[in-house]
file start05.txt (compact mmCIF, C-alpha atoms and all ligand atoms)
# COMPACT_ATOMS: atom_id res chain seq x y z
CA MET A 1 1.40 -27.80 -11.97
CA LYS A 2 1.15 -25.91 -8.69
CA LYS A 3 -2.42 -25.42 -7.54
CA LYS A 4 -3.98 -21.99 -7.47
CA ALA A 5 -4.92 -20.22 -4.23
CA GLU A 6 -8.43 -20.63 -2.91
CA ILE A 7 -10.42 -17.38 -2.58
CA GLY A 8 -12.91 -17.31 0.29
CA THR A 9 -14.19 -15.61 3.43
CA ASN A 10 -13.34 -18.34 5.95
CA ILE A 11 -11.41 -16.70 8.78
CA ASN A 12 -10.76 -20.01 10.54
CA LYS A 13 -9.15 -21.42 7.44
CA ALA A 14 -7.00 -18.30 7.01
CA ALA A 15 -5.96 -18.54 10.68
CA GLN A 16 -5.10 -22.22 10.27
CA PHE A 17 -2.83 -21.59 7.26
CA LEU A 18 -1.11 -18.68 9.00
CA SER A 19 -0.52 -20.77 12.14
CA GLU A 20 1.16 -23.38 9.93
CA GLY A 21 3.61 -20.73 8.67
CA LYS A 22 1.88 -20.33 5.31
CA LEU A 23 1.03 -17.21 3.31
CA VAL A 24 -2.48 -15.73 3.18
CA ALA A 25 -3.57 -12.58 1.35
CA ILE A 26 -5.64 -10.29 3.56
CA PRO A 27 -7.95 -7.39 2.76
CA THR A 28 -7.33 -4.00 4.32
CA GLU A 29 -8.92 -0.62 3.70
CA THR A 30 -5.83 0.54 1.78
CA VAL A 31 -4.67 -2.38 -0.42
CA TYR A 32 -4.51 -6.18 -0.06
CA GLY A 33 -1.59 -7.46 2.00
CA LEU A 34 0.43 -10.67 1.65
CA ALA A 35 0.53 -11.91 5.23
CA ALA A 36 2.60 -14.29 7.32
CA ASN A 37 3.29 -14.75 11.04
CA ALA A 38 5.48 -11.73 11.84
CA LEU A 39 7.21 -13.55 14.70
CA ASP A 40 8.26 -16.51 12.54
CA ALA A 41 11.30 -15.62 10.43
CA GLN A 42 10.86 -18.72 8.24
CA ALA A 43 7.31 -17.76 7.39
CA VAL A 44 8.39 -14.18 6.66
CA VAL A 45 11.06 -15.36 4.19
CA LYS A 46 8.24 -16.80 2.07
CA ILE A 47 6.77 -13.31 1.64
CA PHE A 48 10.03 -11.99 0.16
CA GLU A 49 10.23 -15.04 -2.14
CA ALA A 50 6.64 -14.85 -3.35
CA LYS A 51 6.91 -11.13 -4.12
CA ASN A 52 10.43 -11.30 -5.45
CA ARG A 53 11.13 -8.50 -3.03
CA PRO A 54 14.66 -7.39 -2.13
CA SER A 55 15.52 -8.17 1.48
CA PHE A 56 16.43 -4.52 2.17
CA ASP A 57 12.77 -3.49 1.90
CA PRO A 58 11.16 -3.91 5.36
CA LEU A 59 7.62 -5.13 6.08
CA ILE A 60 4.80 -3.53 8.06
CA VAL A 61 3.51 -5.45 11.08
CA HIS A 62 -0.27 -5.51 11.52
CA THR A 63 -2.11 -5.91 14.79
CA PHE A 64 -5.58 -5.19 16.20
CA ALA A 65 -5.17 -3.01 19.32
CA ILE A 66 -2.88 -0.29 20.69
CA ALA A 67 -2.35 -2.38 23.84
CA GLU A 68 -0.85 -5.12 21.62
CA VAL A 69 1.67 -2.71 20.09
CA GLU A 70 3.49 -2.47 23.43
CA ASN A 71 4.52 -6.12 23.02
CA PHE A 72 6.45 -5.25 19.88
CA VAL A 73 8.03 -1.84 20.55
CA THR A 74 10.13 -0.38 23.35
CA HIS A 75 8.67 3.11 23.35
CA ILE A 76 5.81 5.10 21.80
CA PRO A 77 6.52 8.85 21.47
CA GLU A 78 3.74 11.16 22.71
CA LYS A 79 2.73 12.35 19.24
CA ALA A 80 2.65 8.78 17.97
CA LYS A 81 0.22 7.90 20.77
CA ILE A 82 -2.02 10.81 19.83
CA LEU A 83 -2.02 9.76 16.17
CA ALA A 84 -2.62 6.10 17.03
CA GLU A 85 -5.57 6.91 19.25
CA LYS A 86 -7.09 9.21 16.66
CA PHE A 87 -6.46 7.30 13.43
CA TRP A 88 -6.21 3.57 14.27
CA PRO A 89 -7.69 1.44 12.92
CA GLY A 90 -6.82 3.28 9.72
CA PRO A 91 -4.34 4.06 6.91
CA LEU A 92 -1.45 5.06 9.18
CA THR A 93 1.85 3.23 9.77
CA LEU A 94 4.07 4.32 12.66
CA LEU A 95 7.80 3.55 12.68
CA LEU A 96 8.70 2.67 16.28
CA LYS A 97 11.74 1.19 18.01
CA LYS A 98 11.35 -2.58 17.87
CA LYS A 99 11.66 -5.14 20.63
CA GLN A 100 13.71 -8.26 20.02
CA ILE A 101 10.62 -10.38 19.53
CA ILE A 102 10.32 -8.89 16.01
CA PRO A 103 12.77 -10.82 13.81
CA ASP A 104 15.39 -8.74 11.97
CA ILE A 105 14.20 -9.99 8.61
CA VAL A 106 10.89 -8.13 9.13
CA THR A 107 12.65 -4.77 9.49
CA SER A 108 15.53 -5.54 7.09
CA GLY A 109 17.87 -5.12 10.02
CA LEU A 110 16.60 -1.63 10.95
CA ASN A 111 15.95 -0.72 14.59
CA ASN A 112 12.45 0.51 13.84
CA VAL A 113 9.43 -1.56 12.95
CA GLY A 114 6.47 -0.24 10.96
CA ILE A 115 3.23 -0.93 12.84
CA ARG A 116 -0.34 -0.51 11.71
CA ILE A 117 -3.87 -1.43 12.78
CA PRO A 118 -5.81 -1.88 9.54
CA LYS A 119 -9.47 -0.95 9.26
CA HIS A 120 -11.18 -3.97 7.78
CA PRO A 121 -13.67 -6.09 9.73
CA LEU A 122 -12.51 -9.48 8.36
CA THR A 123 -8.84 -8.79 8.95
CA LEU A 124 -9.43 -7.35 12.41
CA GLU A 125 -11.39 -10.48 13.32
CA LEU A 126 -8.58 -12.64 11.94
CA LEU A 127 -5.91 -10.72 13.87
CA LYS A 128 -7.89 -11.15 17.11
CA LYS A 129 -8.02 -14.91 16.57
CA LEU A 130 -4.25 -15.25 16.11
CA ASN A 131 -1.70 -15.21 18.89
CA PHE A 132 0.83 -13.41 16.68
CA PRO A 133 0.81 -10.22 14.54
CA LEU A 134 0.97 -10.33 10.74
CA ALA A 135 3.79 -9.03 8.60
CA ALA A 136 2.27 -7.93 5.32
CA PRO A 137 3.50 -5.91 2.36
CA SER A 138 1.13 -5.11 -0.49
CA ALA A 139 0.22 -8.37 -2.26
CA ASN A 140 1.79 -7.63 -5.65
CA PRO A 141 5.01 -8.70 -7.33
CA PHE A 142 7.73 -6.21 -6.26
CA GLY A 143 7.50 -2.92 -8.13
CA TYR A 144 4.07 -3.53 -9.69
CA VAL A 145 0.81 -1.73 -8.94
CA SER A 146 -0.80 -2.65 -5.58
CA PRO A 147 -3.89 -4.92 -5.57
CA THR A 148 -7.22 -3.49 -4.45
CA ASN A 149 -9.38 -6.61 -4.75
CA ALA A 150 -9.01 -10.37 -4.31
CA GLN A 151 -8.93 -11.04 -8.06
CA HIS A 152 -5.91 -8.72 -8.49
CA VAL A 153 -4.03 -10.84 -5.96
CA PHE A 154 -5.15 -14.09 -7.57
CA ASP A 155 -4.07 -12.94 -11.05
CA GLN A 156 -0.49 -12.27 -10.01
CA LEU A 157 0.30 -14.37 -6.95
CA GLY A 158 -2.37 -17.08 -7.17
CA GLU A 159 0.17 -19.87 -7.57
CA LYS A 160 2.38 -18.74 -4.74
CA ILE A 161 -0.04 -18.53 -1.84
CA ASP A 162 -2.54 -20.84 -0.20
CA TYR A 163 -5.51 -18.66 0.61
CA ILE A 164 -6.91 -15.26 -0.31
CA LEU A 165 -9.29 -13.85 2.27
CA ASN A 166 -11.86 -12.01 0.21
CA GLY A 167 -12.97 -8.77 1.82
CA GLY A 168 -14.25 -7.08 -1.34
CA ALA A 169 -12.73 -3.98 -2.93
CA CYS A 170 -10.50 -1.75 -0.79
CA THR A 171 -12.20 1.50 0.12
CA VAL A 172 -9.16 3.78 0.53
CA GLY A 173 -7.21 2.40 -2.43
CA VAL A 174 -3.72 3.78 -1.72
CA GLU A 175 -1.27 2.48 0.88
CA SER A 176 -0.97 3.81 4.41
CA THR A 177 0.83 7.03 5.29
CA ILE A 178 4.15 6.25 7.01
CA ILE A 179 5.32 8.42 9.92
CA GLY A 180 8.58 8.08 11.83
CA PHE A 181 10.07 10.11 14.70
CA GLU A 182 13.52 11.61 15.15
CA ASN A 183 13.95 12.92 18.69
CA ASN A 184 10.18 12.80 19.03
CA VAL A 185 9.77 15.02 15.95
CA PRO A 186 7.39 13.47 13.40
CA ASN A 187 8.42 13.00 9.75
CA VAL A 188 6.26 11.65 6.95
CA TYR A 189 8.17 9.13 4.83
CA ARG A 190 5.36 7.98 2.55
CA LEU A 191 2.27 9.91 1.52
CA GLY A 192 -0.79 7.71 1.71
CA GLY A 193 -4.40 7.24 2.71
CA LEU A 194 -4.17 9.54 5.74
CA THR A 195 -3.66 13.09 4.46
CA ILE A 196 -1.08 15.59 5.70
CA GLU A 197 -3.93 17.96 6.47
CA GLU A 198 -5.55 15.40 8.81
CA ILE A 199 -2.23 14.70 10.51
CA GLU A 200 -1.37 18.39 10.98
CA ASN A 201 -4.83 19.16 12.35
CA CYS A 202 -4.08 16.61 15.03
CA ILE A 203 -0.39 17.13 15.99
CA GLY A 204 0.69 20.34 14.24
CA LYS A 205 3.27 20.81 11.50
CA VAL A 206 5.04 17.71 10.13
CA GLU A 207 7.96 17.41 7.73
CA VAL A 208 7.45 15.44 4.56
CA LYS A 209 10.68 13.62 3.73
CA LEU A 210 9.99 11.59 0.63
CA ASN A 211 13.54 10.70 -0.09
CA THR A 212 14.40 9.03 -3.34
CA SER A 213 18.09 8.40 -2.82
CA SER A 214 19.64 4.97 -3.22
CA ASN A 215 19.65 4.48 0.53
CA PRO A 216 16.15 5.55 1.53
CA VAL A 217 14.89 5.70 5.10
CA SER A 218 11.67 4.22 3.81
CA PRO A 219 12.54 1.94 0.92
CA GLY A 220 8.98 2.10 -0.46
CA MET A 221 10.20 5.48 -1.58
CA LEU A 222 12.33 3.86 -4.29
CA LYS A 223 12.00 5.99 -7.38
CA SER A 224 10.53 3.36 -9.66
CA HIS A 225 7.56 1.70 -7.99
CA TYR A 226 3.86 1.12 -8.51
CA SER A 227 4.65 0.61 -12.21
CA PRO A 228 2.41 -0.85 -14.89
CA LEU A 229 4.13 -2.80 -17.69
CA LYS A 230 3.12 -0.20 -20.26
CA LYS A 231 4.50 3.29 -20.47
CA LEU A 232 2.59 5.70 -18.22
CA ILE A 233 2.71 9.45 -18.70
CA TYR A 234 0.94 11.94 -16.45
CA GLY A 235 0.20 15.63 -16.58
CA ASN A 236 -2.31 17.90 -18.29
CA LEU A 237 -4.58 15.54 -20.25
CA ASP A 238 -5.58 17.94 -23.04
CA GLU A 239 -1.92 18.53 -23.88
CA LEU A 240 -1.00 14.84 -23.57
CA ILE A 241 -3.91 13.66 -25.71
CA GLU A 242 -2.94 16.16 -28.44
CA LYS A 243 0.69 15.06 -28.30
CA TYR A 244 -0.05 11.31 -28.43
CA LYS A 245 -3.13 11.39 -30.67
CA HIS A 246 -1.52 9.06 -33.23
CA LYS A 247 -0.85 6.36 -30.62
CA LYS A 248 -3.22 3.88 -29.03
CA ILE A 249 -3.83 5.78 -25.82
CA GLY A 250 -5.76 4.83 -22.69
CA VAL A 251 -6.79 7.88 -20.70
CA ILE A 252 -7.36 7.93 -16.93
CA SER A 253 -9.04 11.18 -15.95
CA PHE A 254 -10.03 12.60 -12.59
CA TYR A 255 -13.61 13.73 -13.36
CA LYS A 256 -13.92 14.80 -17.04
CA LYS A 257 -15.04 12.38 -19.76
CA TYR A 258 -12.89 12.07 -22.91
CA PRO A 259 -14.02 10.68 -26.29
CA CYS A 260 -11.40 7.91 -26.40
CA CYS A 261 -10.54 4.82 -24.40
CA ASN A 262 -11.16 6.50 -21.04
CA ILE A 263 -11.69 5.63 -17.38
CA VAL A 264 -13.16 8.48 -15.33
CA LEU A 265 -12.16 8.00 -11.69
CA SER A 266 -14.76 10.20 -10.03
CA PRO A 267 -17.37 12.12 -12.08
CA GLU A 268 -18.38 13.77 -8.77
CA LYS A 269 -14.79 15.15 -8.46
CA SER A 270 -14.03 13.44 -5.16
CA LEU A 271 -10.36 12.69 -4.43
CA SER A 272 -11.30 9.86 -2.07
CA ILE A 273 -13.41 8.13 -4.74
CA ALA A 274 -10.64 8.72 -7.30
CA SER A 275 -8.16 7.14 -4.90
CA GLU A 276 -10.44 4.13 -4.37
CA HIS A 277 -10.46 3.39 -8.12
CA PHE A 278 -6.94 4.54 -8.99
CA PHE A 279 -4.85 1.33 -8.97
CA ALA A 280 -7.66 -0.75 -10.55
CA ALA A 281 -7.82 1.77 -13.41
CA ILE A 282 -4.09 1.46 -14.06
CA ARG A 283 -4.36 -2.36 -14.03
CA ASN A 284 -7.32 -2.22 -16.35
CA MET A 285 -5.44 -0.07 -18.90
CA ASP A 286 -2.33 -2.22 -18.52
CA ALA A 287 -4.39 -5.31 -19.46
CA ASN A 288 -6.29 -3.68 -22.34
CA PRO A 289 -4.83 -4.86 -25.70
CA GLU A 290 -6.20 -1.71 -27.37
CA VAL A 291 -3.93 0.47 -25.25
CA GLU A 292 -0.24 1.16 -25.93
CA ILE A 293 0.37 4.17 -23.68
CA ILE A 294 -1.43 5.10 -20.48
CA LEU A 295 -2.09 8.81 -19.98
CA CYS A 296 -3.17 9.88 -16.51
CA GLU A 297 -4.30 13.24 -15.25
CA LYS A 298 -2.23 14.95 -12.57
CA PHE A 299 -4.37 15.51 -9.46
CA PRO A 300 -4.76 18.72 -7.45
CA GLU A 301 -1.78 18.84 -5.07
CA LYS A 302 -3.82 18.63 -1.86
CA GLY A 303 -5.35 15.93 0.36
CA LEU A 304 -5.25 12.48 -1.24
CA GLY A 305 -4.23 14.16 -4.51
CA ARG A 306 -0.69 14.43 -3.14
CA ALA A 307 -0.49 10.67 -2.49
CA LEU A 308 -1.88 9.92 -5.95
CA ASN A 309 0.58 12.28 -7.67
CA ASP A 310 3.40 10.64 -5.73
CA ARG A 311 2.31 7.20 -7.06
CA LEU A 312 2.11 8.63 -10.59
CA LYS A 313 5.58 10.10 -10.38
CA ARG A 314 7.03 6.71 -9.39
CA ALA A 315 4.89 4.75 -11.87
CA ALA A 316 6.13 6.98 -14.69
CA VAL A 317 9.84 6.34 -14.04
CA LYS A 318 11.14 3.57 -16.26
O1 LIG B 1 -1.35 0.25 3.44
C1 LIG B 1 -0.30 -0.37 3.60
O2 LIG B 1 0.67 0.10 4.22
C2 LIG B 1 -0.21 -1.78 3.00
C3 LIG B 1 -1.20 -2.68 3.72
C4 LIG B 1 -1.11 -4.11 3.29
O3 LIG B 1 -1.04 -2.54 5.09
N1 LIG B 1 1.12 -2.27 3.08
C5 LIG B 1 2.12 -1.79 2.30
O4 LIG B 1 3.30 -2.49 2.48
O5 LIG B 1 2.00 -0.88 1.53
P1 LIG B 1 4.55 -2.36 1.48
O6 LIG B 1 5.50 -3.37 1.98
O7 LIG B 1 4.10 -2.50 0.09
O8 LIG B 1 5.14 -0.97 1.78
C6 LIG B 1 5.65 -0.78 3.08
C7 LIG B 1 6.76 0.20 3.09
C8 LIG B 1 8.11 -0.37 2.74
O9 LIG B 1 8.38 -0.35 1.39
C9 LIG B 1 9.02 0.58 3.49
O10 LIG B 1 9.23 1.69 2.69
C10 LIG B 1 8.20 1.03 4.66
O11 LIG B 1 6.91 0.61 4.44
N2 LIG B 1 8.67 0.44 5.90
C11 LIG B 1 8.22 -0.68 6.52
N3 LIG B 1 8.92 -0.91 7.64
C12 LIG B 1 9.82 0.08 7.73
C13 LIG B 1 10.85 0.40 8.66
N4 LIG B 1 11.09 -0.36 9.71
N5 LIG B 1 11.59 1.50 8.44
C14 LIG B 1 11.37 2.27 7.36
N6 LIG B 1 10.43 2.03 6.45
C15 LIG B 1 9.65 0.95 6.62
MG MG B 2 4.03 -2.18 -1.84

call {"tool": "encode", "arguments": {"input": "start05.txt", "output": "structure tokens"}}
result
Amino acid sequence: MKKKAEIGTNINKAAQFLSEGKLVAIPTETVYGLAANALDAQAVVKIFEAKNRPSFDPLIVHTFAIAEVENFVTHIPEKAKILAEKFWPGPLTLLLKKKQIIPDIVTSGLNNVGIRIPKHPLTLELLKKLNFPLAAPSANPFGYVSPTNAQHVFDQLGEKIDYILNGGACTVGVESTIIGFENNVPNVYRLGGLTIEEIENCIGKVEVKLNTSSNPVSPGMLKSHYSPLKKLIYGNLDELIEKYKHKKIGVISFYKKYPCCNIVLSPEKSLSIASEHFFAAIRNMDANPEVEIILCEKFPEKGLGRALNDRLKRAAVK
């Protein structure tokens, strides 16, 4: 039988595996990533295999400094520079025109590469040690809920990777916000840990283009994504609980407590705390044998609530 991945905090070991072209799971502030040397096409193939990910879905490249980014892209639009300086390290991915050094497999043949500087001390230290950037999608089987701690990664991909760098639970809890530029005009392609409000306060109005067509600009926007195995329904909880009262329901609520199998995300009614616990709550309900159907509350459509509602919409499509 194939051995299971080791979980630890040894950065040298993680660096060694990555330098040998192997896969290592890394902590970030958003979700855990499944990393490989972004400049080594053979190492990158292993990511697609381990995740069972279609080759048309490109990977984000992670690095540790804005000065490094210039090695990988031909041009950084003015507004991208402003965002990078303000929000990196942080939950922001910029789509920028790639240099040849980035293998085509990383970008699924697209001209742009997604670049991000993650905000996690262990991963930043690791990236500084390496002489290459890391390609890393979320460390979950394709289509499933993203992992927000080392155990989540171990449970699903433990047999497919060598090392899981344990950086504790992710503090943001949803993936990065993805921004691309058309003629220097910024468009948001994925809602995420950096809110539209924060972005617009910095660079003015942006367009949100969450396309769901069969040929998406940002393939993470595929309609069915972030899905638990069980049926998930979201909306007004009082109505849903009444409607499904004869079923074995598991209820994920924003701040109110319900007298049934219930996870309250943030009794203090904070969207950032709710976001931190969101994916773990879905996993927890998915694994609970007492639960048949997962009911989740729709969040207020502002700030991180928009990113959470977007995940719910995709998780609910079967
Ligand atoms: O927070 C995050 O972004 C996490 C952590 C690990 O950094 N990563 C993550 O990766 O969520 P992933 O692969 O699960 O989602 C990345 C999405 C892809 O599905 C795709 O939609 C978009 O980013 N993307 C990446 N490169 C792109 C490109 N060159 N053009 C368009 N979209 C791209
Ligand atoms: Mg993902």

call {"tool": "residues_around", "arguments": {"input": "start05.txt", "residues": "segment 170-180 of chain A", "least_positions_apart": "4", "cutoff": "9 Å", "atoms": "only C-alpha atoms", "output": "ChimeraX atom specification"}}
result
/A:27-32,80,90-96,112,114,116,120,138,146-149,184-196,218,272-280,304,307-308,311

call {"tool": "residues_near_ligand", "arguments": {"input": "start05.txt", "ligand": "ligand MG 2 (chain B)", "cutoff": "8 Å", "atoms": "all atoms listed in the file", "output": "list in words"}}
result
Pro137, Ser138, Ala139, Asn140, Phe142, Gly143, Tyr144, Val145, Ser146, Glu175, Gly220 and Tyr226 of chain A

call {"tool": "residues_near_point", "arguments": {"input": "start05.txt", "point": "(13.3, -13.3, 0.1)", "cutoff": "12 Å", "atoms": "all atoms listed in the file", "output": "list in words"}}
result
Ala41, Gln42, Ala43, Val44, Val45, Lys46, Ile47, Phe48, Glu49, Ala50, Lys51, Asn52, Arg53, Pro54, Ser55, Phe56, Asp57, Pro58, Leu59, Ile105, Val106, Ser108 and Phe142 of chain A

call {"tool": "closest_residue", "arguments": {"input": "start05.txt", "among": "A:Lys257, A:Lys129, A:Lys231, A:Lys205", "to": "Leu295 of chain A", "atoms": "only C-alpha atoms"}}
result
A:Lys231

call {"tool": "residues_near_point", "arguments": {"input": "start05.txt", "point": "(-2.1, 2.7, 15.2)", "cutoff": "6 Å", "atoms": "all atoms listed in the file", "output": "short mmCIF file (atom, residue, chain, number, x, y, z; two decimals) with C-alpha atoms, keeping the file's coordinate frame"}}
result
data_model
loop_
_atom_site.label_atom_id
_atom_site.label_comp_id
_atom_site.auth_asym_id
_atom_site.auth_seq_id
_atom_site.Cartn_x
_atom_site.Cartn_y
_atom_site.Cartn_z
CA ALA A 84 -2.62 6.10 17.03
CA TRP A 88 -6.21 3.57 14.27
CA ARG A 116 -0.34 -0.51 11.71
CA ILE A 117 -3.87 -1.43 12.78
#

call {"tool": "axis_aligned_box", "arguments": {"input": "start05.txt", "around": "segment 189-192 of chain A", "padding_each_side": "3 Å", "output": "lines of an AutoDock Vina configuration file"}}
result
center_x = 3.7
center_y = 8.8
center_z = 3.2
size_x = 15.0
size_y = 8.2
size_z = 9.3

call {"tool": "closest_residue", "arguments": {"input": "start05.txt", "among": "A:Leu110, A:Ile102, A:Ala315, A:Val264", "to": "ligand LIG 1 (chain B)", "atoms": "all atoms listed in the file"}}
result
A:Leu110
